[in-house]
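A quick write-up on the structure given underneath.
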Amino acid sequence: MKVRIQKWGNSLALRIPKVFAKETNIESGSQVELQLEDHHLIIKPIIGESEYDLDYMLSGINETNIHHEIDFGEPVGRELL
């Protein structure tokens, strides 16, 4: 199947036909892995990996690994605005 590459901001975009998306379980918001092999672009859906979960990541913070506040001195620009 031939598709056209289009400009999207400073990047290029590829529209995935519905039949391909359905076959690979790709939907809007899905994450994919891009690879280059011998000048060929390979797109693989990421299956089984979930999005980052803030509550899960915060649950790993404890007294031994928490970062303490660092004082960088007085403001020198417009940081307070």
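Just remember, in the structure tokens the first chain shown is A, the second B, etc., residues are 1-based per chain, and ligands are 1-based in the order shown.
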Residue list (alpha helix (DSSP H), DSSP) for segment 3-78 of chain A, as number ranges by chain = A: 18-24, 54-59
Distance query Pro17 of chain A at most 12 Å, only C-alpha atoms, self and fewer than 4 positions along chain excluded, as an MDAnalysis selection string = chainID A and resid 1:4 21:24 26:27
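Residue-level DSSP output for chain A, from the backbone, shows strand (DSSP E or B) at A:Ile5, A:Gln6, A:Lys7, A:Trp8, A:Ser11, A:Leu12, A:Ala13, A:Leu14, A:Val32, A:Glu33, A:Leu34, A:Gln35, A:Leu36, A:Glu37, A:His40, A:Leu41, A:Ile42, A:Ile43, A:Lys44, A:Pro45.
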In Å and to one decimal, atom CA of Pro45 of chain A is distant from atom CA of Ala13 of chain A by 16.4 Å
